[in-house]
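Source file: model-v2.cif; contents: mmCIF, C-alpha atoms.
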```cif
data_my_file
#
loop_
_atom_site.group_PDB
_atom_site.id
_atom_site.type_symbol
_atom_site.label_atom_id
_atom_site.label_comp_id
_atom_site.auth_asym_id
_atom_site.auth_seq_id
_atom_site.Cartn_x
_atom_site.Cartn_y
_atom_site.Cartn_z
ATOM 1 C CA MET A 940 -3.259 135.358 96.434
ATOM 2 C CA ARG A 941 -4.584 132.961 93.765
ATOM 3 C CA GLY A 942 -3.048 135.077 90.992
ATOM 4 C CA ARG A 943 0.310 135.001 92.778
ATOM 5 C CA ARG A 944 0.173 131.180 93.040
ATOM 6 C CA ILE A 945 -0.616 130.856 89.316
ATOM 7 C CA THR A 946 2.275 133.198 88.489
ATOM 8 C CA LEU A 947 4.623 131.104 90.638
ATOM 9 C CA ILE A 948 3.487 127.856 88.987
ATOM 10 C CA ALA A 949 3.943 129.393 85.532
ATOM 11 C CA ALA A 950 7.441 130.603 86.472
ATOM 12 C CA LEU A 951 8.400 127.125 87.711
ATOM 13 C CA ALA A 952 7.071 125.533 84.517
ATOM 14 C CA LEU A 953 9.133 127.949 82.414
ATOM 15 C CA ALA A 954 12.226 127.259 84.512
ATOM 16 C CA LEU A 955 11.805 123.507 84.023
ATOM 17 C CA ALA A 956 11.326 123.967 80.296
ATOM 18 C CA ALA A 957 14.457 126.119 80.089
ATOM 19 C CA CYS A 958 16.453 123.472 81.940
ATOM 20 C CA GLY A 959 15.296 120.693 79.661
ATOM 21 C CA GLY A 960 12.447 119.399 81.771
ATOM 22 C CA ALA A 961 12.432 116.871 84.544
ATOM 23 C CA ARG A 962 14.950 114.072 84.714
ATOM 24 C CA ASP A 963 13.645 110.583 84.076
ATOM 25 C CA GLY A 964 15.944 108.850 86.567
ATOM 26 C CA THR A 965 18.066 107.052 83.976
ATOM 27 C CA ASP A 966 21.841 107.059 83.818
ATOM 28 C CA ALA A 967 22.443 108.678 80.451
ATOM 29 C CA ASP A 968 26.049 109.893 80.607
ATOM 30 C CA GLN A 969 27.269 109.492 77.043
ATOM 31 C CA GLY A 970 30.421 111.559 77.333
ATOM 32 C CA ASP A 971 29.054 114.295 75.070
ATOM 33 C CA GLY A 972 29.318 117.084 77.645
ATOM 34 C CA ALA A 973 25.647 116.819 78.567
ATOM 35 C CA VAL A 974 24.655 117.204 82.188
ATOM 36 C CA PRO A 975 24.688 113.719 83.741
ATOM 37 C CA GLU A 976 21.406 112.230 84.848
ATOM 38 C CA TYR A 977 21.477 110.440 88.160
ATOM 39 C CA ARG A 978 19.944 107.001 88.711
ATOM 40 C CA LEU A 979 17.461 107.725 91.462
ATOM 41 C CA GLN A 980 14.989 105.613 93.321
ATOM 42 C CA ARG A 981 11.498 107.044 93.462
ATOM 43 C CA GLY A 982 9.744 106.776 96.825
ATOM 44 C CA ASP A 983 6.102 107.687 96.234
ATOM 45 C CA GLY A 984 6.422 108.994 92.695
ATOM 46 C CA ARG A 985 6.739 112.604 93.816
ATOM 47 C CA ILE A 986 10.333 112.840 95.017
ATOM 48 C CA ALA A 987 13.611 111.140 94.163
ATOM 49 C CA THR A 988 15.564 109.577 97.008
ATOM 50 C CA ASN A 989 18.886 107.828 97.402
ATOM 51 C CA VAL A 990 19.077 104.322 95.982
ATOM 52 C CA ASP A 991 19.113 101.663 98.699
ATOM 53 C CA LEU A 992 22.525 100.064 98.233
ATOM 54 C CA ARG A 993 22.332 97.640 101.168
ATOM 55 C CA GLY A 994 23.273 94.101 100.221
ATOM 56 C CA GLY A 995 24.931 95.126 96.962
ATOM 57 C CA GLU A 996 28.537 95.601 96.004
ATOM 58 C CA LEU A 997 29.968 99.116 96.205
ATOM 59 C CA PRO A 998 30.400 100.253 92.584
ATOM 60 C CA ASP A 999 34.020 100.482 91.467
ATOM 61 C CA VAL A 1000 34.627 104.051 90.305
ATOM 62 C CA GLY A 1001 37.586 106.355 90.000
ATOM 63 C CA LEU A 1002 38.111 109.237 92.422
ATOM 64 C CA VAL A 1003 40.989 111.603 93.249
ATOM 65 C CA THR A 1004 42.737 112.189 96.590
ATOM 66 C CA SER A 1005 43.394 115.657 97.985
ATOM 67 C CA THR A 1006 46.911 115.461 96.522
ATOM 68 C CA GLY A 1007 45.635 114.583 93.043
ATOM 69 C CA VAL A 1008 46.387 110.852 93.120
ATOM 70 C CA ALA A 1009 43.900 108.717 91.180
ATOM 71 C CA VAL A 1010 42.222 106.054 93.340
ATOM 72 C CA ARG A 1011 39.333 103.629 92.932
ATOM 73 C CA THR A 1012 36.667 102.609 95.394
ATOM 74 C CA SER A 1013 37.876 99.021 94.948
ATOM 75 C CA ASP A 1014 41.128 100.155 96.616
ATOM 76 C CA LEU A 1015 39.145 100.187 99.877
ATOM 77 C CA ARG A 1016 38.565 96.420 99.868
ATOM 78 C CA GLY A 1017 40.309 94.428 102.558
ATOM 79 C CA ARG A 1018 39.088 96.498 105.530
ATOM 80 C CA PRO A 1019 35.679 97.703 106.616
ATOM 81 C CA VAL A 1020 35.028 101.342 105.789
ATOM 82 C CA LEU A 1021 32.561 104.112 106.486
ATOM 83 C CA LEU A 1022 32.164 106.242 103.351
ATOM 84 C CA ASN A 1023 30.691 109.651 104.092
ATOM 85 C CA VAL A 1024 29.458 111.866 101.241
ATOM 86 C CA TRP A 1025 29.815 115.505 102.303
ATOM 87 C CA TYR A 1026 30.660 119.028 101.136
ATOM 88 C CA SER A 1027 31.520 122.237 102.956
ATOM 89 C CA THR A 1028 28.295 124.219 102.460
ATOM 90 C CA CYS A 1029 26.090 121.349 103.674
ATOM 91 C CA GLN A 1030 24.984 122.272 107.196
ATOM 92 C CA PRO A 1031 24.103 118.687 108.292
ATOM 93 C CA CYS A 1032 27.540 117.619 106.979
ATOM 94 C CA ARG A 1033 29.161 120.277 109.182
ATOM 95 C CA ARG A 1034 27.271 119.089 112.237
ATOM 96 C CA GLU A 1035 28.098 115.379 111.807
ATOM 97 C CA LEU A 1036 31.794 115.643 110.908
ATOM 98 C CA PRO A 1037 33.016 115.941 114.516
ATOM 99 C CA LEU A 1038 31.138 112.712 115.298
ATOM 100 C CA LEU A 1039 32.825 110.932 112.378
ATOM 101 C CA ALA A 1040 36.207 112.399 113.358
ATOM 102 C CA ASP A 1041 35.755 111.037 116.890
ATOM 103 C CA ALA A 1042 34.772 107.618 115.497
ATOM 104 C CA HIS A 1043 37.885 107.603 113.331
ATOM 105 C CA ARG A 1044 40.104 108.384 116.330
ATOM 106 C CA ALA A 1045 38.392 105.778 118.521
ATOM 107 C CA HIS A 1046 37.985 102.949 115.991
ATOM 108 C CA GLY A 1047 40.543 103.659 113.249
ATOM 109 C CA ALA A 1048 42.370 100.405 113.976
ATOM 110 C CA ALA A 1049 39.193 98.449 113.137
ATOM 111 C CA VAL A 1050 37.498 100.520 110.416
ATOM 112 C CA ASP A 1051 38.582 103.109 107.871
ATOM 113 C CA VAL A 1052 36.656 106.340 107.429
ATOM 114 C CA VAL A 1053 36.824 108.065 104.043
ATOM 115 C CA GLY A 1054 35.014 111.206 102.976
ATOM 116 C CA ILE A 1055 33.672 111.497 99.440
ATOM 117 C CA ASN A 1056 33.350 115.123 98.331
ATOM 118 C CA PRO A 1057 31.576 115.870 95.044
ATOM 119 C CA TYR A 1058 31.733 119.677 95.070
ATOM 120 C CA ASP A 1059 34.668 121.293 96.897
ATOM 121 C CA ASP A 1060 38.213 121.829 95.725
ATOM 122 C CA ALA A 1061 41.001 120.255 97.798
ATOM 123 C CA ALA A 1062 41.953 123.508 99.574
ATOM 124 C CA THR A 1063 38.367 124.227 100.660
ATOM 125 C CA ALA A 1064 37.871 120.663 101.853
ATOM 126 C CA ALA A 1065 41.182 120.712 103.754
ATOM 127 C CA ARG A 1066 40.297 123.950 105.582
ATOM 128 C CA PHE A 1067 36.902 122.538 106.444
ATOM 129 C CA ALA A 1068 38.350 119.215 107.648
ATOM 130 C CA ASP A 1069 40.942 121.032 109.795
ATOM 131 C CA GLU A 1070 38.236 123.203 111.337
ATOM 132 C CA TYR A 1071 36.308 120.107 112.426
ATOM 133 C CA GLY A 1072 39.266 117.951 113.476
ATOM 134 C CA VAL A 1073 38.910 115.446 110.646
ATOM 135 C CA GLY A 1074 41.971 113.210 110.415
ATOM 136 C CA TYR A 1075 40.741 110.785 107.773
ATOM 137 C CA ASP A 1076 41.128 111.003 103.989
ATOM 138 C CA THR A 1077 38.752 112.787 101.659
ATOM 139 C CA TRP A 1078 38.452 111.618 98.068
ATOM 140 C CA PHE A 1079 36.943 113.822 95.380
ATOM 141 C CA ASP A 1080 34.239 112.873 92.892
ATOM 142 C CA ARG A 1081 35.226 115.476 90.280
ATOM 143 C CA ASP A 1082 33.050 114.184 87.432
ATOM 144 C CA GLY A 1083 30.128 112.774 89.420
ATOM 145 C CA GLN A 1084 30.989 109.120 88.705
ATOM 146 C CA PHE A 1085 30.471 108.062 92.309
ATOM 147 C CA LEU A 1086 27.142 109.869 92.622
ATOM 148 C CA ARG A 1087 25.890 108.405 89.330
ATOM 149 C CA ALA A 1088 27.060 104.875 90.091
ATOM 150 C CA THR A 1089 25.554 104.828 93.583
ATOM 151 C CA GLY A 1090 22.401 106.844 92.900
ATOM 152 C CA ILE A 1091 23.148 109.178 95.790
ATOM 153 C CA ALA A 1092 21.018 112.300 95.428
ATOM 154 C CA THR A 1093 21.414 113.940 98.851
ATOM 155 C CA ALA A 1094 24.123 114.726 101.381
ATOM 156 C CA PRO A 1095 25.198 113.721 103.842
ATOM 157 C CA VAL A 1096 25.043 109.996 103.202
ATOM 158 C CA THR A 1097 27.142 107.422 105.032
ATOM 159 C CA LEU A 1098 27.720 103.900 103.712
ATOM 160 C CA ALA A 1099 29.005 101.022 105.857
ATOM 161 C CA VAL A 1100 31.011 98.807 103.496
ATOM 162 C CA ASP A 1101 32.491 95.503 104.662
ATOM 163 C CA ALA A 1102 35.968 94.233 103.769
ATOM 164 C CA ARG A 1103 34.583 92.365 100.712
ATOM 165 C CA GLY A 1104 33.107 95.583 99.292
ATOM 166 C CA THR A 1105 29.456 94.888 100.189
ATOM 167 C CA VAL A 1106 27.341 97.782 101.437
ATOM 168 C CA VAL A 1107 25.958 96.368 104.682
ATOM 169 C CA ASP A 1108 24.142 99.510 105.855
ATOM 170 C CA GLN A 1109 23.576 103.121 104.892
ATOM 171 C CA ALA A 1110 22.279 106.287 106.475
ATOM 172 C CA ALA A 1111 20.936 109.334 104.663
ATOM 173 C CA GLY A 1112 20.903 112.623 106.511
ATOM 174 C CA GLU A 1113 22.780 113.847 109.521
ATOM 175 C CA LEU A 1114 24.213 111.124 111.745
ATOM 176 C CA ASP A 1115 23.670 111.068 115.464
ATOM 177 C CA ALA A 1116 25.579 108.885 117.930
ATOM 178 C CA GLU A 1117 22.935 106.138 117.863
ATOM 179 C CA ARG A 1118 22.838 105.847 114.054
ATOM 180 C CA LEU A 1119 26.642 105.913 113.859
ATOM 181 C CA ALA A 1120 26.794 103.111 116.445
ATOM 182 C CA ARG A 1121 24.439 101.014 114.263
ATOM 183 C CA LEU A 1122 26.628 101.591 111.199
ATOM 184 C CA LEU A 1123 29.736 100.568 113.140
ATOM 185 C CA ALA A 1124 27.952 97.508 114.569
ATOM 186 C CA ALA A 1125 26.996 96.457 111.020
ATOM 187 C CA LEU A 1126 30.741 96.359 110.344
ATOM 188 C CA GLY A 1127 31.441 94.327 113.487
ATOM 189 C CA VAL A 1128 32.827 97.280 115.421
ATOM 190 C CA VAL A 1129 31.482 97.701 118.956
ATOM 191 C CA PRO A 1130 31.552 101.393 119.888
#
```

Could you write out this structure as structure tokens?
Amino acid sequence: MRGRRITLIAALALALAACGGARDGTDADQGDGAVPEYRLQRGDGRIATNVDLRGGELPDVGLVTSTGVAVRTSDLRGRPVLLNVWYSTCQPCRRELPLLADAHRAHGAAVDVVGINPYDDAATAARFADEYGVGYDTWFDRDGQFLRATGIATAPVTLAVDARGTVVDQAAGELDAERLARLLAALGVVP
């Protein structure tokens, strides 16, 4: 048993060395084709977590719609919005999408809902959205700009952004009805 554990630790060390070691949490995208490093917040020094964006301005980055139109996150200013980071193979994302779709149908006059998808192609995302009754837009983070700028390291993540572009609340992990209600309330929407 002890020999097996040592073998596993040695294999992990070799894998890290082959991949270039551990990331240091800095944003070092220099446009040279290197793998981007994400700006992460460290909880207890052992694991990276999503950066707490509450109280700050949503970073202005470029994304692409499902039809290939270039958009910017600043285009969302003027109305409150729930931004939900998701992708099709994320099981918690699958489970929460019907809840977000229902919120969009019920409160779409008061708040926009926009999906941010960093991994899927438009056809995959469209099939997935149709399967779960999603009627709101999905924007694609093709080059990881949104993830780098926000420090989002996990999915799903939902940001409540007011009409001025300030992140007033955020939720990491699968939403339930209670947490979604708190996000909506932070935007002045009473569910």

Between CA of Ala1061 (chain A) and CA of Leu1122 (chain A), distance in Å (one decimal):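 Taking CA of Ala1061 (chain A) as the start and CA of Leu1122 (chain A) as the end point, the length is 27.1 Å.
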
Which residues fall under the PyMOL selection byres ((chain A and resi 1114) around 9) in this file, as an mmCIF file with C-alpha atoms, in the coordinates of the input?
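Listing of result.cif after writing:
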```
data_model
loop_
_atom_site.group_PDB
_atom_site.id
_atom_site.type_symbol
_atom_site.label_atom_id
_atom_site.label_comp_id
_atom_site.auth_asym_id
_atom_site.auth_seq_id
_atom_site.Cartn_x
_atom_site.Cartn_y
_atom_site.Cartn_z
ATOM 1 C CA PRO A 1031 24.103 118.687 108.292
ATOM 2 C CA CYS A 1032 27.540 117.619 106.979
ATOM 3 C CA ARG A 1034 27.271 119.089 112.237
ATOM 4 C CA GLU A 1035 28.098 115.379 111.807
ATOM 5 C CA LEU A 1036 31.794 115.643 110.908
ATOM 6 C CA LEU A 1038 31.138 112.712 115.298
ATOM 7 C CA LEU A 1039 32.825 110.932 112.378
ATOM 8 C CA PRO A 1095 25.198 113.721 103.842
ATOM 9 C CA VAL A 1096 25.043 109.996 103.202
ATOM 10 C CA THR A 1097 27.142 107.422 105.032
ATOM 11 C CA ALA A 1110 22.279 106.287 106.475
ATOM 12 C CA ALA A 1111 20.936 109.334 104.663
ATOM 13 C CA GLY A 1112 20.903 112.623 106.511
ATOM 14 C CA GLU A 1113 22.780 113.847 109.521
ATOM 15 C CA ASP A 1115 23.670 111.068 115.464
ATOM 16 C CA ALA A 1116 25.579 108.885 117.930
ATOM 17 C CA GLU A 1117 22.935 106.138 117.863
ATOM 18 C CA ARG A 1118 22.838 105.847 114.054
ATOM 19 C CA LEU A 1119 26.642 105.913 113.859
#
```

In Å, how far is it from CA of Gly1007 (chain A) to CA of Ala1068 (chain A)?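 Computing the Euclidean distance for CA of Gly1007 (chain A) and CA of Ala1068 (chain A) yields 17.0 Å.
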
One decimal, in Å: what's the spacing between CA of Val1000 (chain A) and CA of Val1106 (chain A)?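 Computing the Euclidean distance for CA of Val1000 (chain A) and CA of Val1106 (chain A) yields 14.7 Å.
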
Would you list the residues near (28.3, 98.5, 108.1) (no more than 9 Å away, in the coordinates of the file, using all atoms listed in the file) as a PyMOL selection string? chain A and resi 1019-1021+1098-1101+1105-1109+1121-1128

Measuring between only C-alpha atoms, which one of A:Thr1006, A:Ile1091, A:Arg1011, A:Arg1018 shows the shortest distance to Arg1103 (chain A)?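 The answer is A:Arg1018, which sits nearest to Arg1103 (chain A).
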
Out of A:Ile1055, A:Leu997, A:Val1050, A:Ala1040, which residue has the shortest atom-to-atom distance to Val1073 (chain A) when counting all atoms listed in the file?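 The answer is A:Ala1040, which sits nearest to Val1073 (chain A).
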
Ranking A:Glu996, A:Asp991, A:Pro1037, A:Thr1012 by minimum distance to Glu1070 (chain A) and counting only C-alpha atoms, which one comes first? A:Pro1037
